[in-house]
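A.B. asks: Dumping the structure here so I can ask a few things about it.
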Amino acid sequence: MFSMHPLLIALSFAGGLAYGACVRGWCAAALSLRWQLPVVLVIGLVNPLFVSMGSTELFDLFGRPVYAESLLYGCAMAGLFVASAQWFGIGSAMLSYDKVLGLLGNVVPTVALMVSMTMRLVPRFVRQGRTIAAVQDVTLSCMGFGCVPSEGGTSASGEAGASTSGEVGASMPGEPRASMLEETVASATTPGRRREPARFLRARHLSDRVTGRSSERMPVRLSNRVTGRLRQSSVLMGWAIEDSLETADAMRARGWGARRQRTTYLPYRFTLRDAAVLLVLTVAAGVCIWASWTATNAYEFYPRLAPIRAWWGYVPYAVWMFVPAALHLYETRRFS
């Protein structure tokens, strides 16, 4: 995580990507590259603008020389950041908050509780944000389709809502949900028509059923989208504050802080097998730290890139990075 050696960074990134594919699936691991690769590109291009060091000049940008060494150093920094983010993401997916409490509950209970609550809050925060975003998107799509009722009880196109109330009660309950999904798919695959998100298409069909007419899509203003995103952030922040207050009240009601030393329930037991595995992991981690330290001290970016020579110390480091993915595949095949 702290080594600025290009080969070690590449091994760490590959090991994290492989393990992430085993844990979350290849699709999720590939989708994570959507923000990781742009980060590498941005940091790699920005670093030469601030650091003009090296011996291989590529070109001049506004009178400032850009060197290959600075460019590669920026790419190495970005790769180190992305690899660390991958491993932290995998750790949060594998270590649940009850495991963190079981590991650190008796040693540092306050820190363990904070870590576990953070690990629990982040996924909930993301899910709640997606829910709010979905509601906002449906609202904006209805505005674009002209089906949002006004204050006087009429729709945006001037049709009275009372005239369609009977049609809604007659059409909505009697028709299965599968027909709406089939119509959504058919609308999405119509030749000569621009593909729209599924939530927009569902909103279109819902507006047709509510208004009793075929709604034509009207362009949604950019100001409405910006206002919707700001409203989404406001609602999400309000939900987070309310949830924190409810959590604090629940902890106070359950006696948190009443005693200095609290007893904890530990569903896990530390056995001799665990001790042996911990000893092996400690020795292997020490070897990898030594290999990383030695390789990093022998490699230099400035003033000229040092060549990467073959060395046996890269082998244990590579094995260390790919052991989690190998163990996950072994357990999956054994217990499946």
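Ligands are numbered from 1 in the order shown, residues from 1 within each chain, and chains are lettered A, B, ... in the order they appear in the structure tokens.
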Write out as a list in words which residues come within 8 Å of Tyr302 in chain A when counting only C-alpha atoms, dropping same-chain ones fewer than 3 positions away.

C.D. replies: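 Within the cut-off, the hits are Met53, Gly54, Ser55, Glu69 and Leu305 of chain A.
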
A.B. asks: Which residues are near Gly20 in chain A? Cut-off 9 Å, only C-alpha atoms, ignore same chain within fewer than 2 positions. Put them as a PyMOL selection string.

C.D. replies: chain A and resi 15-18+22-26+28-29+86-87+89-90+325

A.B. asks: What would the file look like if the residues just selected were written as a compact mmCIF listing (two decimals), in the first residue's frame with N, CA, C and O atoms?

C.D. replies:
```txt
# COMPACT_ATOMS: atom_id res chain seq x y z
N GLY A 15 -4.06 -8.26 -8.06
CA GLY A 15 -4.58 -9.12 -7.01
C GLY A 15 -5.89 -8.61 -6.44
O GLY A 15 -6.83 -9.38 -6.20
N GLY A 16 -6.00 -7.28 -6.24
CA GLY A 16 -7.26 -6.71 -5.76
C GLY A 16 -8.39 -6.86 -6.76
O GLY A 16 -9.53 -7.15 -6.38
N LEU A 17 -8.09 -6.70 -8.04
CA LEU A 17 -9.12 -6.87 -9.07
C LEU A 17 -9.58 -8.31 -9.15
O LEU A 17 -10.79 -8.59 -9.28
N ALA A 18 -8.65 -9.27 -9.04
CA ALA A 18 -9.02 -10.68 -9.08
C ALA A 18 -9.87 -11.07 -7.87
O ALA A 18 -10.88 -11.77 -8.01
N CYS A 22 -13.85 -12.24 -7.60
CA CYS A 22 -14.32 -13.45 -6.91
C CYS A 22 -15.40 -13.13 -5.89
O CYS A 22 -16.36 -13.90 -5.73
N VAL A 23 -15.28 -12.01 -5.20
CA VAL A 23 -16.22 -11.68 -4.13
C VAL A 23 -17.48 -11.04 -4.69
O VAL A 23 -18.60 -11.43 -4.34
N ARG A 24 -17.34 -10.05 -5.56
CA ARG A 24 -18.49 -9.28 -6.05
C ARG A 24 -18.91 -9.63 -7.46
O ARG A 24 -19.94 -9.15 -7.92
N GLY A 25 -18.14 -10.46 -8.16
CA GLY A 25 -18.48 -10.81 -9.53
C GLY A 25 -17.67 -9.99 -10.53
O GLY A 25 -17.22 -8.88 -10.24
N TRP A 26 -17.50 -10.56 -11.73
CA TRP A 26 -16.71 -9.89 -12.76
C TRP A 26 -17.37 -8.61 -13.24
O TRP A 26 -16.69 -7.65 -13.58
N ALA A 28 -19.28 -6.47 -11.51
CA ALA A 28 -19.07 -5.39 -10.54
C ALA A 28 -17.61 -4.94 -10.54
O ALA A 28 -17.32 -3.75 -10.43
N ALA A 29 -16.69 -5.90 -10.69
CA ALA A 29 -15.27 -5.52 -10.74
C ALA A 29 -14.96 -4.71 -11.99
O ALA A 29 -14.17 -3.76 -11.95
N GLN A 86 -9.32 -0.43 -3.89
CA GLN A 86 -9.86 -1.76 -4.17
C GLN A 86 -9.78 -2.66 -2.94
O GLN A 86 -10.75 -3.33 -2.58
N TRP A 87 -8.64 -2.68 -2.29
CA TRP A 87 -8.48 -3.56 -1.12
C TRP A 87 -9.36 -3.11 0.04
O TRP A 87 -9.91 -3.94 0.77
N GLY A 89 -12.24 -1.55 -0.28
CA GLY A 89 -13.60 -1.92 -0.64
C GLY A 89 -13.87 -3.40 -0.44
O GLY A 89 -14.95 -3.79 0.03
N ILE A 90 -12.91 -4.24 -0.78
CA ILE A 90 -13.08 -5.67 -0.57
C ILE A 90 -13.14 -5.99 0.92
O ILE A 90 -13.92 -6.84 1.37
N ALA A 325 -7.65 -14.53 -3.53
CA ALA A 325 -8.50 -15.00 -4.63
C ALA A 325 -8.41 -16.51 -4.77
O ALA A 325 -9.43 -17.19 -5.01
```

A.B. asks: Near Tyr268 in chain A, counting only C-alpha atoms, which residues have an atom at most 10 Å away, once you skip same-chain residues fewer than 6 positions from it, shown as a ChimeraX atom specification?

C.D. replies: /A:99,102-103

A.B. asks: What's around Ala298 in chain A at 12 Å? Count only C-alpha atoms, leave out sequence neighbours fewer than 3 positions away in its own chain, and write the answer as JSON, numbers by chain.

C.D. replies: {"A": [3, 4, 5, 291, 292, 293, 294, 295, 301, 305, 306, 307, 308, 309, 311]}

A.B. asks: Could you pull out the residues in range 29-66 of chain A that DSSP calls alpha helix (DSSP H) from the backbone, as a ChimeraX atom specification?

C.D. replies: /A:29-31,33-50

A.B. asks: Between A:Gly238, A:Pro123, A:Gly313, A:Pro303, which is the closest to Cys288 in chain A once you count only C-alpha atoms?

C.D. replies: A:Gly313

A.B. asks: Please measure the separation of CA of Tyr330 in chain A and CA of Pro6 in chain A, giving the value in Å to one decimal.

C.D. replies: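 Pair CA of Tyr330 in chain A / CA of Pro6 in chain A returns 29.4 Å.
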
A.B. asks: Work out how far CA of His328 in chain A is from CA of Ala14 in chain A, in Å to one decimal.

C.D. replies: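 Those two atoms sit 15.5 Å apart.
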
A.B. asks: Which residues come within 8 Å of Leu11 in chain A, counting only C-alpha atoms, excluding same-chain residues fewer than 5 positions away, as a ChimeraX atom specification?

C.D. replies: /A:317-318,321

A.B. asks: Which neighbours of range 223-229 of chain A fall inside 9 Å, counting only C-alpha atoms, when residues of the same chain fewer than 6 positions from it are skipped, and could you give them as a list in words?

C.D. replies: Ala133, Gln136, Asp137, Thr139 and Leu140 of chain A

A.B. asks: Can those selected residues be exported to a file as a PDB file, in the first residue's frame so that it contains all heavy atoms?

C.D. replies:
```pdb
ATOM      1  N   ALA A 133     -32.753   9.051  -5.374  1.00  0.00           N
ATOM      2  CA  ALA A 133     -32.482   9.395  -6.771  1.00  0.00           C
ATOM      3  C   ALA A 133     -33.519   8.798  -7.702  1.00  0.00           C
ATOM      4  O   ALA A 133     -33.934   9.429  -8.680  1.00  0.00           O
ATOM      5  CB  ALA A 133     -31.072   8.924  -7.154  1.00  0.00           C
ATOM      6  N   GLN A 136     -36.618  10.906  -7.447  1.00  0.00           N
ATOM      7  CA  GLN A 136     -36.413  12.166  -8.162  1.00  0.00           C
ATOM      8  C   GLN A 136     -36.427  11.970  -9.668  1.00  0.00           C
ATOM      9  O   GLN A 136     -36.969  12.806 -10.407  1.00  0.00           O
ATOM     10  CB  GLN A 136     -35.086  12.795  -7.725  1.00  0.00           C
ATOM     11  CG  GLN A 136     -35.043  13.207  -6.267  1.00  0.00           C
ATOM     12  CD  GLN A 136     -35.966  14.377  -5.966  1.00  0.00           C
ATOM     13  OE1 GLN A 136     -36.287  15.162  -6.853  1.00  0.00           O
ATOM     14  NE2 GLN A 136     -36.398  14.475  -4.718  1.00  0.00           N
ATOM     15  N   ASP A 137     -35.847  10.870 -10.146  1.00  0.00           N
ATOM     16  CA  ASP A 137     -35.843  10.610 -11.593  1.00  0.00           C
ATOM     17  C   ASP A 137     -37.242  10.375 -12.117  1.00  0.00           C
ATOM     18  O   ASP A 137     -37.602  10.840 -13.205  1.00  0.00           O
ATOM     19  CB  ASP A 137     -34.956   9.405 -11.906  1.00  0.00           C
ATOM     20  CG  ASP A 137     -33.482   9.717 -11.704  1.00  0.00           C
ATOM     21  OD1 ASP A 137     -33.136  10.911 -11.742  1.00  0.00           O
ATOM     22  OD2 ASP A 137     -32.696   8.775 -11.500  1.00  0.00           O
ATOM     23  N   THR A 139     -39.950  11.597 -10.807  1.00  0.00           N
ATOM     24  CA  THR A 139     -40.616  12.909 -10.785  1.00  0.00           C
ATOM     25  C   THR A 139     -40.220  13.752 -11.991  1.00  0.00           C
ATOM     26  O   THR A 139     -41.062  14.355 -12.653  1.00  0.00           O
ATOM     27  CB  THR A 139     -40.259  13.655  -9.486  1.00  0.00           C
ATOM     28  OG1 THR A 139     -40.619  12.848  -8.365  1.00  0.00           O
ATOM     29  CG2 THR A 139     -40.992  14.978  -9.412  1.00  0.00           C
ATOM     30  N   LEU A 140     -38.913  13.781 -12.293  1.00  0.00           N
ATOM     31  CA  LEU A 140     -38.460  14.555 -13.449  1.00  0.00           C
ATOM     32  C   LEU A 140     -38.985  13.982 -14.751  1.00  0.00           C
ATOM     33  O   LEU A 140     -39.323  14.716 -15.673  1.00  0.00           O
ATOM     34  CB  LEU A 140     -36.930  14.597 -13.459  1.00  0.00           C
ATOM     35  CG  LEU A 140     -36.269  15.415 -12.345  1.00  0.00           C
ATOM     36  CD1 LEU A 140     -34.755  15.277 -12.432  1.00  0.00           C
ATOM     37  CD2 LEU A 140     -36.669  16.868 -12.448  1.00  0.00           C
TER      38      LEU A 140
END
```

A.B. asks: I need the residue nearest Trp312 in chain A from this list: A:Ala250, A:Val287, A:Leu72, A:Ala134. Use only C-alpha atoms for the distance.

C.D. replies: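 Among A:Ala250, A:Val287, A:Leu72, A:Ala134, it is A:Val287 that comes nearest to Trp312 in chain A.
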
A.B. asks: Suppose you want the space between CA of Ala30 in chain A and CA of Ser84 in chain A; what is it in Å?

C.D. replies: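 One can read the CA of Ala30 in chain A to CA of Ser84 in chain A distance as 16.5 Å.
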